[in-house]
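> Here it is, the structure in full.
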Amino acid sequence: MDYEIRPQRLRIPSGWNIYYSNFSNINLKDYINKPDNNNIWLFEGNEDIFQISKDDILIDLGWYPMYDPDGTYIIEVVKNLNWFKLEDRFKSQDKDKIVEKIENYLVHYAPYRPTKLKLEPLPAWIGWEVTYNRFFEIEEEHKNAALFYLSDKLLALQNNYHKIKVELGWFPKHSPYGVYRLSVFLAEQEWWFDSLDKEEIIDHLEEIMLSYNYIHNPASGFCTKQKHELNLSIDGIRRVVSGY
């Protein structure tokens, strides 16, 4: 196998809850004619790829017909669970267009400011709610204002299944000598990880999200609790915390 399955990264504004997800970095069209494509199609080539909700809006992504290489991605936007009268529908075999369209829907139904800055793409995985997001992707043209956006409250996630909260901030806030701090609140304890490397922070966030999640089973319609062990830091010391 020449692929590694990782969660798809999306720019998700505050307030969205990831109901379920098999949405990965894999582009289904890249594996149509490859001999090892069966596992790929079983994992992601189905009608239940991704679903995210906020208030009365639900965004659903699937591949139709299921497991069919001649099929296509379809996004459906539903209000008040009225599947007979869709808010919008979009289909494409182009994975990049699908990601862009989902992100456009997320912003449309949960606008944020400033609109000139894009949110940082984050791992989108089942069971996690983005309760607060001001974690922006700072491009070269906005470098001079970067410290203004580097506050001690950049991102907050929570997983109600496992009663775990994750927060990201820059400490000291607005300081050119600060660092990113990723904090995990679990069982009345705070664990944290400090780094200047944004990608390292996001990779660590992905590790946390994958360690505490529910796996959706499309066949049964139920979610199965996922158990892993997670390496975190407390007082700067790496320790192992067991999922429960």
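Letters A, B, ... go to the chains of the structure tokens in the order shown; residues in each chain start at 1; ligands are counted from 1 in the same order.
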Extract, using only C-alpha atoms, all DNA, RNA and protein residues at most 12 Å from stretch 26-33 of chain A, discarding same-chain residues fewer than 3 positions from it, and format them as a PDB file with N, CA, C and O atoms, in the first residue's frame.

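Final output, saved to out.pdb:
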ATOM      1  N   MET A   1       0.843  -1.195   0.000  1.00  0.00           N
ATOM      2  CA  MET A   1       0.000   0.000   0.000  1.00  0.00           C
ATOM      3  C   MET A   1       0.877   1.243   0.000  1.00  0.00           C
ATOM      4  O   MET A   1       1.851   1.315   0.735  1.00  0.00           O
ATOM      5  N   ASP A   2       0.505   2.241  -0.806  1.00  0.00           N
ATOM      6  CA  ASP A   2       1.302   3.450  -0.895  1.00  0.00           C
ATOM      7  C   ASP A   2       0.535   4.656  -0.359  1.00  0.00           C
ATOM      8  O   ASP A   2       0.735   5.773  -0.802  1.00  0.00           O
ATOM      9  N   TYR A   3      -0.355   4.418   0.591  1.00  0.00           N
ATOM     10  CA  TYR A   3      -1.130   5.517   1.135  1.00  0.00           C
ATOM     11  C   TYR A   3      -1.130   5.448   2.660  1.00  0.00           C
ATOM     12  O   TYR A   3      -0.914   4.404   3.261  1.00  0.00           O
ATOM     13  N   GLU A   4      -1.361   6.590   3.269  1.00  0.00           N
ATOM     14  CA  GLU A   4      -1.530   6.686   4.718  1.00  0.00           C
ATOM     15  C   GLU A   4      -2.804   7.469   4.979  1.00  0.00           C
ATOM     16  O   GLU A   4      -2.936   8.615   4.544  1.00  0.00           O
ATOM     17  N   ILE A   5      -3.750   6.854   5.648  1.00  0.00           N
ATOM     18  CA  ILE A   5      -5.035   7.500   5.893  1.00  0.00           C
ATOM     19  C   ILE A   5      -4.937   8.394   7.123  1.00  0.00           C
ATOM     20  O   ILE A   5      -4.597   7.940   8.206  1.00  0.00           O
ATOM     21  N   ARG A   6      -5.215   9.668   6.919  1.00  0.00           N
ATOM     22  CA  ARG A   6      -5.260  10.649   7.995  1.00  0.00           C
ATOM     23  C   ARG A   6      -6.579  11.410   7.890  1.00  0.00           C
ATOM     24  O   ARG A   6      -7.188  11.469   6.818  1.00  0.00           O
ATOM     25  N   PRO A   7      -7.051  12.021   8.970  1.00  0.00           N
ATOM     26  CA  PRO A   7      -8.286  12.812   8.886  1.00  0.00           C
ATOM     27  C   PRO A   7      -8.140  13.978   7.911  1.00  0.00           C
ATOM     28  O   PRO A   7      -7.086  14.612   7.847  1.00  0.00           O
ATOM     29  N   GLN A   8      -9.190  14.233   7.158  1.00  0.00           N
ATOM     30  CA  GLN A   8      -9.221  15.401   6.292  1.00  0.00           C
ATOM     31  C   GLN A   8      -9.180  16.664   7.153  1.00  0.00           C
ATOM     32  O   GLN A   8      -9.853  16.748   8.179  1.00  0.00           O
ATOM     33  N   ARG A   9      -8.395  17.635   6.739  1.00  0.00           N
ATOM     34  CA  ARG A   9      -8.336  18.903   7.464  1.00  0.00           C
ATOM     35  C   ARG A   9      -9.281  19.912   6.823  1.00  0.00           C
ATOM     36  O   ARG A   9      -9.330  20.051   5.605  1.00  0.00           O
ATOM     37  N   ASN A  22     -15.793   9.634   8.232  1.00  0.00           N
ATOM     38  CA  ASN A  22     -14.784   8.772   7.627  1.00  0.00           C
ATOM     39  C   ASN A  22     -13.991   9.591   6.611  1.00  0.00           C
ATOM     40  O   ASN A  22     -13.315   9.030   5.752  1.00  0.00           O
ATOM     41  N   PHE A  23     -14.101  10.897   6.705  1.00  0.00           N
ATOM     42  CA  PHE A  23     -13.520  11.806   5.718  1.00  0.00           C
ATOM     43  C   PHE A  23     -12.014  11.880   5.938  1.00  0.00           C
ATOM     44  O   PHE A  23     -11.545  12.348   6.969  1.00  0.00           O
ATOM     45  N   ASP A  36      -4.905  -2.278  -5.176  1.00  0.00           N
ATOM     46  CA  ASP A  36      -5.135  -2.323  -3.729  1.00  0.00           C
ATOM     47  C   ASP A  36      -6.240  -1.362  -3.308  1.00  0.00           C
ATOM     48  O   ASP A  36      -6.265  -0.889  -2.181  1.00  0.00           O
ATOM     49  N   ASN A  37      -7.173  -1.086  -4.221  1.00  0.00           N
ATOM     50  CA  ASN A  37      -8.157  -0.050  -3.919  1.00  0.00           C
ATOM     51  C   ASN A  37      -9.334  -0.526  -3.084  1.00  0.00           C
ATOM     52  O   ASN A  37     -10.150   0.272  -2.657  1.00  0.00           O
ATOM     53  N   ASN A  38      -9.471  -1.831  -2.823  1.00  0.00           N
ATOM     54  CA  ASN A  38     -10.642  -2.334  -2.106  1.00  0.00           C
ATOM     55  C   ASN A  38     -10.780  -1.727  -0.716  1.00  0.00           C
ATOM     56  O   ASN A  38     -11.868  -1.321  -0.301  1.00  0.00           O
ATOM     57  N   ASN A  39      -9.676  -1.675   0.033  1.00  0.00           N
ATOM     58  CA  ASN A  39      -9.732  -1.114   1.381  1.00  0.00           C
ATOM     59  C   ASN A  39     -10.116   0.360   1.360  1.00  0.00           C
ATOM     60  O   ASN A  39     -10.838   0.844   2.238  1.00  0.00           O
ATOM     61  N   ILE A  40      -9.615   1.078   0.367  1.00  0.00           N
ATOM     62  CA  ILE A  40      -9.945   2.495   0.243  1.00  0.00           C
ATOM     63  C   ILE A  40     -11.441   2.681   0.026  1.00  0.00           C
ATOM     64  O   ILE A  40     -12.096   3.489   0.684  1.00  0.00           O
ATOM     65  N   TRP A  41     -12.017   1.913  -0.901  1.00  0.00           N
ATOM     66  CA  TRP A  41     -13.438   2.075  -1.203  1.00  0.00           C
ATOM     67  C   TRP A  41     -14.311   1.652  -0.036  1.00  0.00           C
ATOM     68  O   TRP A  41     -15.349   2.263   0.239  1.00  0.00           O
ATOM     69  N   LEU A  42     -13.909   0.611   0.684  1.00  0.00           N
ATOM     70  CA  LEU A  42     -14.681   0.181   1.845  1.00  0.00           C
ATOM     71  C   LEU A  42     -14.638   1.226   2.950  1.00  0.00           C
ATOM     72  O   LEU A  42     -15.606   1.426   3.684  1.00  0.00           O
ATOM     73  N   PHE A  43     -13.490   1.906   3.080  1.00  0.00           N
ATOM     74  CA  PHE A  43     -13.342   2.889   4.152  1.00  0.00           C
ATOM     75  C   PHE A  43     -14.111   4.173   3.860  1.00  0.00           C
ATOM     76  O   PHE A  43     -14.826   4.695   4.707  1.00  0.00           O
ATOM     77  N   GLU A  44     -13.976   4.683   2.635  1.00  0.00           N
ATOM     78  CA  GLU A  44     -14.523   6.011   2.370  1.00  0.00           C
ATOM     79  C   GLU A  44     -15.523   6.061   1.220  1.00  0.00           C
ATOM     80  O   GLU A  44     -16.243   7.043   1.078  1.00  0.00           O
ATOM     81  N   GLY A  45     -15.604   5.025   0.399  1.00  0.00           N
ATOM     82  CA  GLY A  45     -16.472   5.093  -0.771  1.00  0.00           C
ATOM     83  C   GLY A  45     -17.905   4.740  -0.476  1.00  0.00           C
ATOM     84  O   GLY A  45     -18.522   3.963  -1.209  1.00  0.00           O
ATOM     85  N   ASN A  46     -18.474   5.301   0.578  1.00  0.00           N
ATOM     86  CA  ASN A  46     -19.843   4.958   0.959  1.00  0.00           C
ATOM     87  C   ASN A  46     -20.690   6.215   1.126  1.00  0.00           C
ATOM     88  O   ASN A  46     -20.207   7.333   0.958  1.00  0.00           O
ATOM     89  N   ILE A  49     -19.852   9.490   4.668  1.00  0.00           N
ATOM     90  CA  ILE A  49     -18.459   9.926   4.770  1.00  0.00           C
ATOM     91  C   ILE A  49     -18.291  10.961   5.872  1.00  0.00           C
ATOM     92  O   ILE A  49     -17.403  10.849   6.713  1.00  0.00           O
ATOM     93  N   GLY A  62     -21.457  12.255   1.071  1.00  0.00           N
ATOM     94  CA  GLY A  62     -21.389  10.831   0.762  1.00  0.00           C
ATOM     95  C   GLY A  62     -20.901  10.607  -0.654  1.00  0.00           C
ATOM     96  O   GLY A  62     -20.755  11.553  -1.439  1.00  0.00           O
ATOM     97  N   TRP A  63     -20.616   9.349  -0.965  1.00  0.00           N
ATOM     98  CA  TRP A  63     -20.225   8.957  -2.328  1.00  0.00           C
ATOM     99  C   TRP A  63     -21.352   8.102  -2.901  1.00  0.00           C
ATOM    100  O   TRP A  63     -21.745   7.099  -2.316  1.00  0.00           O
ATOM    101  N   TYR A  64     -21.874   8.499  -4.051  1.00  0.00           N
ATOM    102  CA  TYR A  64     -23.022   7.822  -4.654  1.00  0.00           C
ATOM    103  C   TYR A  64     -22.741   7.493  -6.117  1.00  0.00           C
ATOM    104  O   TYR A  64     -22.193   8.351  -6.831  1.00  0.00           O
ATOM    105  N   MET A  66     -22.788   4.000  -3.857  1.00  0.00           N
ATOM    106  CA  MET A  66     -21.823   3.525  -2.876  1.00  0.00           C
ATOM    107  C   MET A  66     -20.866   2.505  -3.493  1.00  0.00           C
ATOM    108  O   MET A  66     -21.295   1.590  -4.203  1.00  0.00           O
ATOM    109  N   TYR A  67     -19.559   2.685  -3.241  1.00  0.00           N
ATOM    110  CA  TYR A  67     -18.483   1.787  -3.690  1.00  0.00           C
ATOM    111  C   TYR A  67     -18.334   1.728  -5.207  1.00  0.00           C
ATOM    112  O   TYR A  67     -17.645   0.855  -5.730  1.00  0.00           O
ATOM    113  N   ASP A  68     -18.963   2.622  -5.916  1.00  0.00           N
ATOM    114  CA  ASP A  68     -18.924   2.614  -7.382  1.00  0.00           C
ATOM    115  C   ASP A  68     -17.861   3.598  -7.876  1.00  0.00           C
ATOM    116  O   ASP A  68     -17.986   4.808  -7.662  1.00  0.00           O
ATOM    117  N   PRO A  69     -16.806   3.116  -8.558  1.00  0.00           N
ATOM    118  CA  PRO A  69     -15.767   4.020  -9.066  1.00  0.00           C
ATOM    119  C   PRO A  69     -16.288   5.061 -10.055  1.00  0.00           C
ATOM    120  O   PRO A  69     -15.638   6.080 -10.272  1.00  0.00           O
ATOM    121  N   ASP A  70     -17.442   4.805 -10.650  1.00  0.00           N
ATOM    122  CA  ASP A  70     -18.029   5.777 -11.571  1.00  0.00           C
ATOM    123  C   ASP A  70     -18.943   6.773 -10.859  1.00  0.00           C
ATOM    124  O   ASP A  70     -19.601   7.589 -11.507  1.00  0.00           O
ATOM    125  N   GLY A  71     -18.972   6.701  -9.530  1.00  0.00           N
ATOM    126  CA  GLY A  71     -19.840   7.584  -8.761  1.00  0.00           C
ATOM    127  C   GLY A  71     -19.236   8.955  -8.542  1.00  0.00           C
ATOM    128  O   GLY A  71     -18.274   9.364  -9.204  1.00  0.00           O
ATOM    129  N   THR A  72     -19.790   9.673  -7.571  1.00  0.00           N
ATOM    130  CA  THR A  72     -19.341  11.034  -7.311  1.00  0.00           C
ATOM    131  C   THR A  72     -19.620  11.408  -5.859  1.00  0.00           C
ATOM    132  O   THR A  72     -20.490  10.824  -5.203  1.00  0.00           O
ATOM    133  N   TYR A  73     -18.864  12.376  -5.347  1.00  0.00           N
ATOM    134  CA  TYR A  73     -19.174  12.959  -4.045  1.00  0.00           C
ATOM    135  C   TYR A  73     -20.444  13.792  -4.170  1.00  0.00           C
ATOM    136  O   TYR A  73     -20.637  14.508  -5.157  1.00  0.00           O
ATOM    137  N   SER A  92     -19.534  16.510  -7.126  1.00  0.00           N
ATOM    138  CA  SER A  92     -18.306  16.593  -7.909  1.00  0.00           C
ATOM    139  C   SER A  92     -17.449  15.376  -7.603  1.00  0.00           C
ATOM    140  O   SER A  92     -17.494  14.825  -6.503  1.00  0.00           O
ATOM    141  N   GLN A  93     -16.659  14.958  -8.592  1.00  0.00           N
ATOM    142  CA  GLN A  93     -15.660  13.922  -8.360  1.00  0.00           C
ATOM    143  C   GLN A  93     -14.339  14.525  -7.896  1.00  0.00           C
ATOM    144  O   GLN A  93     -13.431  13.793  -7.515  1.00  0.00           O
ATOM    145  N   ASP A  94     -14.252  15.844  -7.920  1.00  0.00           N
ATOM    146  CA  ASP A  94     -13.025  16.551  -7.561  1.00  0.00           C
ATOM    147  C   ASP A  94     -12.994  16.785  -6.049  1.00  0.00           C
ATOM    148  O   ASP A  94     -13.784  17.568  -5.517  1.00  0.00           O
ATOM    149  N   LYS A  95     -12.095  16.113  -5.350  1.00  0.00           N
ATOM    150  CA  LYS A  95     -12.016  16.208  -3.889  1.00  0.00           C
ATOM    151  C   LYS A  95     -11.733  17.643  -3.434  1.00  0.00           C
ATOM    152  O   LYS A  95     -12.304  18.116  -2.447  1.00  0.00           O
ATOM    153  N   ASP A  96     -10.864  18.352  -4.148  1.00  0.00           N
ATOM    154  CA  ASP A  96     -10.530  19.727  -3.764  1.00  0.00           C
ATOM    155  C   ASP A  96     -11.757  20.635  -3.835  1.00  0.00           C
ATOM    156  O   ASP A  96     -11.955  21.501  -2.971  1.00  0.00           O
ATOM    157  N   LYS A  97     -12.586  20.438  -4.856  1.00  0.00           N
ATOM    158  CA  LYS A  97     -13.806  21.237  -4.971  1.00  0.00           C
ATOM    159  C   LYS A  97     -14.779  20.914  -3.844  1.00  0.00           C
ATOM    160  O   LYS A  97     -15.485  21.801  -3.343  1.00  0.00           O
ATOM    161  N   ILE A  98     -14.819  19.652  -3.440  1.00  0.00           N
ATOM    162  CA  ILE A  98     -15.700  19.238  -2.347  1.00  0.00           C
ATOM    163  C   ILE A  98     -15.264  19.897  -1.038  1.00  0.00           C
ATOM    164  O   ILE A  98     -16.087  20.437  -0.283  1.00  0.00           O
ATOM    165  N   VAL A  99     -13.966  19.866  -0.760  1.00  0.00           N
ATOM    166  CA  VAL A  99     -13.447  20.490   0.463  1.00  0.00           C
ATOM    167  C   VAL A  99     -13.740  21.989   0.457  1.00  0.00           C
ATOM    168  O   VAL A  99     -14.197  22.559   1.457  1.00  0.00           O
TER     169      VAL A  99
END
> Using only C-alpha atoms, what does the table of stretch 23-139 of chain A residues within 7 Å of stretch 200-213 of chain A look like, with each row giving the shortest atom pair and its distance in Å to one decimal, sorted by chain and ascending number, as a tab-separated table?

residue	atom	partner	partner_atom	distance
A:Leu122	CA	A:Ile202	CA	6.9
A:Pro123	CA	A:Glu206	CA	5.8
A:Trp125	CA	A:Met209	CA	6.7
A:Ile126	CA	A:Asn213	CA	6.1
A:Gly127	CA	A:Asn213	CA	5.7
> May I have the selected residues written with N, CA, C and O atoms, as a PDB file, in the first residue's frame?

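File written: again09.pdb
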ATOM      1  N   LEU A 122      -7.927  22.267  10.241  1.00  0.00           N
ATOM      2  CA  LEU A 122      -7.767  21.396  11.399  1.00  0.00           C
ATOM      3  C   LEU A 122      -8.290  19.997  11.090  1.00  0.00           C
ATOM      4  O   LEU A 122      -9.181  19.834  10.253  1.00  0.00           O
ATOM      5  N   PRO A 123      -7.767  18.975  11.768  1.00  0.00           N
ATOM      6  CA  PRO A 123      -8.306  17.626  11.582  1.00  0.00           C
ATOM      7  C   PRO A 123      -9.791  17.596  11.929  1.00  0.00           C
ATOM      8  O   PRO A 123     -10.199  18.105  12.979  1.00  0.00           O
ATOM      9  N   TRP A 125     -12.684  15.238  12.875  1.00  0.00           N
ATOM     10  CA  TRP A 125     -12.927  13.853  13.268  1.00  0.00           C
ATOM     11  C   TRP A 125     -14.133  13.746  14.163  1.00  0.00           C
ATOM     12  O   TRP A 125     -14.523  14.692  14.839  1.00  0.00           O
ATOM     13  N   ILE A 126     -14.717  12.586  14.177  1.00  0.00           N
ATOM     14  CA  ILE A 126     -16.016  12.337  14.788  1.00  0.00           C
ATOM     15  C   ILE A 126     -16.031  12.636  16.292  1.00  0.00           C
ATOM     16  O   ILE A 126     -15.076  12.360  17.013  1.00  0.00           O
ATOM     17  N   GLY A 127     -17.146  13.223  16.733  1.00  0.00           N
ATOM     18  CA  GLY A 127     -17.373  13.421  18.158  1.00  0.00           C
ATOM     19  C   GLY A 127     -16.852  14.725  18.719  1.00  0.00           C
ATOM     20  O   GLY A 127     -17.057  15.011  19.897  1.00  0.00           O
TER      21      GLY A 127
END
> Might you pull out every residue within 8 Å of stretch 51-56 of chain A, with only C-alpha atoms counted and same-chain residues fewer than 6 positions away left off, and present them as a PyMOL selection string?
chain A and resi 15-21+79-81
> Would you output that residue set with C-alpha atoms, as a PDB file, in the first residue's frame?

ATOM      1  CA  GLY A  15     -20.090  26.277  16.837  1.00  0.00           C
ATOM      2  CA  TRP A  16     -19.889  23.275  14.499  1.00  0.00           C
ATOM      3  CA  ASN A  17     -20.205  19.731  15.834  1.00  0.00           C
ATOM      4  CA  ILE A  18     -18.748  16.801  13.854  1.00  0.00           C
ATOM      5  CA  TYR A  19     -21.480  14.178  14.072  1.00  0.00           C
ATOM      6  CA  TYR A  20     -19.568  11.460  12.241  1.00  0.00           C
ATOM      7  CA  SER A  21     -16.627  11.186   9.868  1.00  0.00           C
ATOM      8  CA  LYS A  79     -32.350  22.499   7.628  1.00  0.00           C
ATOM      9  CA  ASN A  80     -34.432  21.173  10.523  1.00  0.00           C
ATOM     10  CA  LEU A  81     -33.749  17.617   9.282  1.00  0.00           C
TER      11      LEU A  81
END
> Taking the chain letters and numbering used in this document, name the residues of stretch 13-191 of chain A that DSSP puts in alpha helix (DSSP H), as a short mmCIF file (atom, residue, chain, number, x, y, z; two decimals) with N, CA, C and O atoms, in the first residue's frame.

data_model
loop_
_atom_site.label_atom_id
_atom_site.label_comp_id
_atom_site.auth_asym_id
_atom_site.auth_seq_id
_atom_site.Cartn_x
_atom_site.Cartn_y
_atom_site.Cartn_z
N ASN A 38 -9.47 -1.83 -2.82
CA ASN A 38 -10.64 -2.33 -2.11
C ASN A 38 -10.78 -1.73 -0.72
O ASN A 38 -11.87 -1.32 -0.30
N ASN A 39 -9.68 -1.67 0.03
CA ASN A 39 -9.73 -1.11 1.38
C ASN A 39 -10.12 0.36 1.36
O ASN A 39 -10.84 0.84 2.24
N ILE A 40 -9.62 1.08 0.37
CA ILE A 40 -9.94 2.49 0.24
C ILE A 40 -11.44 2.68 0.03
O ILE A 40 -12.10 3.49 0.68
N TRP A 41 -12.02 1.91 -0.90
CA TRP A 41 -13.44 2.07 -1.20
C TRP A 41 -14.31 1.65 -0.04
O TRP A 41 -15.35 2.26 0.24
N LEU A 42 -13.91 0.61 0.68
CA LEU A 42 -14.68 0.18 1.84
C LEU A 42 -14.64 1.23 2.95
O LEU A 42 -15.61 1.43 3.68
N PHE A 43 -13.49 1.91 3.08
CA PHE A 43 -13.34 2.89 4.15
C PHE A 43 -14.11 4.17 3.86
O PHE A 43 -14.83 4.70 4.71
N GLU A 44 -13.98 4.68 2.64
CA GLU A 44 -14.52 6.01 2.37
C GLU A 44 -15.52 6.06 1.22
O GLU A 44 -16.24 7.04 1.08
N LYS A 95 -12.09 16.11 -5.35
CA LYS A 95 -12.02 16.21 -3.89
C LYS A 95 -11.73 17.64 -3.43
O LYS A 95 -12.30 18.12 -2.45
N ASP A 96 -10.86 18.35 -4.15
CA ASP A 96 -10.53 19.73 -3.76
C ASP A 96 -11.76 20.63 -3.83
O ASP A 96 -11.96 21.50 -2.97
N LYS A 97 -12.59 20.44 -4.86
CA LYS A 97 -13.81 21.24 -4.97
C LYS A 97 -14.78 20.91 -3.84
O LYS A 97 -15.48 21.80 -3.34
N ILE A 98 -14.82 19.65 -3.44
CA ILE A 98 -15.70 19.24 -2.35
C ILE A 98 -15.26 19.90 -1.04
O ILE A 98 -16.09 20.44 -0.28
N VAL A 99 -13.97 19.87 -0.76
CA VAL A 99 -13.45 20.49 0.46
C VAL A 99 -13.74 21.99 0.46
O VAL A 99 -14.20 22.56 1.46
N GLU A 100 -13.49 22.63 -0.67
CA GLU A 100 -13.74 24.07 -0.78
C GLU A 100 -15.22 24.39 -0.56
O GLU A 100 -15.57 25.36 0.13
N LYS A 101 -16.10 23.56 -1.13
CA LYS A 101 -17.53 23.81 -1.00
C LYS A 101 -17.99 23.63 0.44
O LYS A 101 -18.79 24.43 0.96
N ILE A 102 -17.51 22.58 1.11
CA ILE A 102 -17.87 22.37 2.51
C ILE A 102 -17.43 23.56 3.35
O ILE A 102 -18.19 24.08 4.18
N GLU A 103 -16.20 24.03 3.13
CA GLU A 103 -15.71 25.18 3.90
C GLU A 103 -16.53 26.44 3.61
O GLU A 103 -16.78 27.24 4.52
N ASN A 104 -16.98 26.60 2.38
CA ASN A 104 -17.84 27.74 2.05
C ASN A 104 -19.18 27.66 2.80
O ASN A 104 -19.69 28.67 3.29
N TYR A 105 -19.74 26.45 2.86
CA TYR A 105 -20.99 26.26 3.61
C TYR A 105 -20.77 26.58 5.10
O TYR A 105 -21.60 27.23 5.73
N LEU A 106 -19.67 26.11 5.66
CA LEU A 106 -19.40 26.32 7.08
C LEU A 106 -19.33 27.80 7.41
O LEU A 106 -19.85 28.25 8.44
N VAL A 107 -18.69 28.57 6.54
CA VAL A 107 -18.58 30.01 6.77
C VAL A 107 -19.92 30.71 6.53
O VAL A 107 -20.30 31.63 7.26
N HIS A 108 -20.64 30.25 5.51
CA HIS A 108 -21.93 30.88 5.18
C HIS A 108 -22.91 30.77 6.34
O HIS A 108 -23.63 31.74 6.66
N TYR A 109 -22.95 29.61 6.99
CA TYR A 109 -23.91 29.40 8.07
C TYR A 109 -23.34 29.75 9.45
O TYR A 109 -24.06 29.70 10.44
N ALA A 146 0.38 39.76 12.74
CA ALA A 146 0.31 38.41 13.29
C ALA A 146 0.19 38.41 14.81
O ALA A 146 -0.62 37.67 15.38
N LEU A 147 0.99 39.22 15.49
CA LEU A 147 0.98 39.22 16.95
C LEU A 147 -0.37 39.65 17.51
O LEU A 147 -0.77 39.22 18.59
N PHE A 148 -1.08 40.50 16.77
CA PHE A 148 -2.40 40.94 17.22
C PHE A 148 -3.35 39.76 17.33
O PHE A 148 -4.20 39.71 18.24
N TYR A 149 -3.22 38.80 16.41
CA TYR A 149 -4.13 37.65 16.41
C TYR A 149 -3.63 36.50 17.28
O TYR A 149 -4.37 35.54 17.51
#
> Using only C-alpha atoms, determine which residues lie at most 12 Å from A:Leu150, disregarding the query and same-chain residues fewer than 3 positions distant; provide the list as a PyMOL selection string.
chain A and resi 134-138+143-147+153-155+168-181+196+198
> Considering only strand (DSSP E or B) as DSSP defines it on the backbone, what residues of stretch 152-204 of chain A qualify? List them as a ChimeraX atom specification.
/A:155-159,164-171,179-186,189-195
> Need to verify the contact set: A:Ile75, 6 Å, only C-alpha atoms, exclusion of same-chain residues closer than 4 positions in sequence. Can you return it as a PDB file with all heavy atoms, in the first residue's frame?

ATOM      1  N   ASP A  60     -24.107  17.140   4.978  1.00  0.00           N
ATOM      2  CA  ASP A  60     -23.876  15.703   4.822  1.00  0.00           C
ATOM      3  C   ASP A  60     -23.089  15.442   3.542  1.00  0.00           C
ATOM      4  O   ASP A  60     -23.401  16.000   2.486  1.00  0.00           O
ATOM      5  CB  ASP A  60     -25.221  14.971   4.771  1.00  0.00           C
ATOM      6  CG  ASP A  60     -25.055  13.472   4.631  1.00  0.00           C
ATOM      7  OD1 ASP A  60     -24.911  12.799   5.663  1.00  0.00           O
ATOM      8  OD2 ASP A  60     -25.071  12.975   3.486  1.00  0.00           O
ATOM      9  N   LEU A  61     -22.069  14.578   3.646  1.00  0.00           N
ATOM     10  CA  LEU A  61     -21.255  14.207   2.486  1.00  0.00           C
ATOM     11  C   LEU A  61     -21.254  12.699   2.311  1.00  0.00           C
ATOM     12  O   LEU A  61     -21.071  11.950   3.278  1.00  0.00           O
ATOM     13  CB  LEU A  61     -19.810  14.695   2.667  1.00  0.00           C
ATOM     14  CG  LEU A  61     -18.798  14.221   1.613  1.00  0.00           C
ATOM     15  CD1 LEU A  61     -19.113  14.823   0.243  1.00  0.00           C
ATOM     16  CD2 LEU A  61     -17.373  14.575   2.036  1.00  0.00           C
ATOM     17  N   ARG A  89     -27.508  21.515  -2.698  1.00  0.00           N
ATOM     18  CA  ARG A  89     -26.934  20.218  -3.069  1.00  0.00           C
ATOM     19  C   ARG A  89     -25.812  20.474  -4.058  1.00  0.00           C
ATOM     20  O   ARG A  89     -25.953  21.289  -4.972  1.00  0.00           O
ATOM     21  CB  ARG A  89     -28.002  19.319  -3.693  1.00  0.00           C
ATOM     22  CG  ARG A  89     -27.616  17.850  -3.854  1.00  0.00           C
ATOM     23  CD  ARG A  89     -28.845  17.072  -4.309  1.00  0.00           C
ATOM     24  NE  ARG A  89     -28.651  15.635  -4.246  1.00  0.00           N
ATOM     25  CZ  ARG A  89     -28.250  14.894  -5.280  1.00  0.00           C
ATOM     26  NH1 ARG A  89     -27.999  15.469  -6.453  1.00  0.00           N
ATOM     27  NH2 ARG A  89     -28.107  13.587  -5.146  1.00  0.00           N
ATOM     28  N   PHE A  90     -24.696  19.773  -3.867  1.00  0.00           N
ATOM     29  CA  PHE A  90     -23.539  19.969  -4.742  1.00  0.00           C
ATOM     30  C   PHE A  90     -22.866  18.624  -4.961  1.00  0.00           C
ATOM     31  O   PHE A  90     -22.721  17.833  -4.024  1.00  0.00           O
ATOM     32  CB  PHE A  90     -22.545  20.948  -4.093  1.00  0.00           C
ATOM     33  CG  PHE A  90     -21.299  21.180  -4.898  1.00  0.00           C
ATOM     34  CD1 PHE A  90     -21.295  22.071  -5.957  1.00  0.00           C
ATOM     35  CD2 PHE A  90     -20.120  20.506  -4.591  1.00  0.00           C
ATOM     36  CE1 PHE A  90     -20.140  22.291  -6.702  1.00  0.00           C
ATOM     37  CE2 PHE A  90     -18.965  20.719  -5.326  1.00  0.00           C
ATOM     38  CZ  PHE A  90     -18.973  21.615  -6.380  1.00  0.00           C
TER      39      PHE A  90
END
> So what do you get for atom CA of A:Ala124 versus atom CA of A:Ser24, distance-wise?
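Between atom CA of A:Ala124 and atom CA of A:Ser24 the gap works out to 8.6 Å.
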> How far is it from atom CA of A:Asn159 to atom CA of A:Trp191, in Å with one decimal?
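Straight-line distance from atom CA of A:Asn159 to atom CA of A:Trp191 works out to 15.7 Å.
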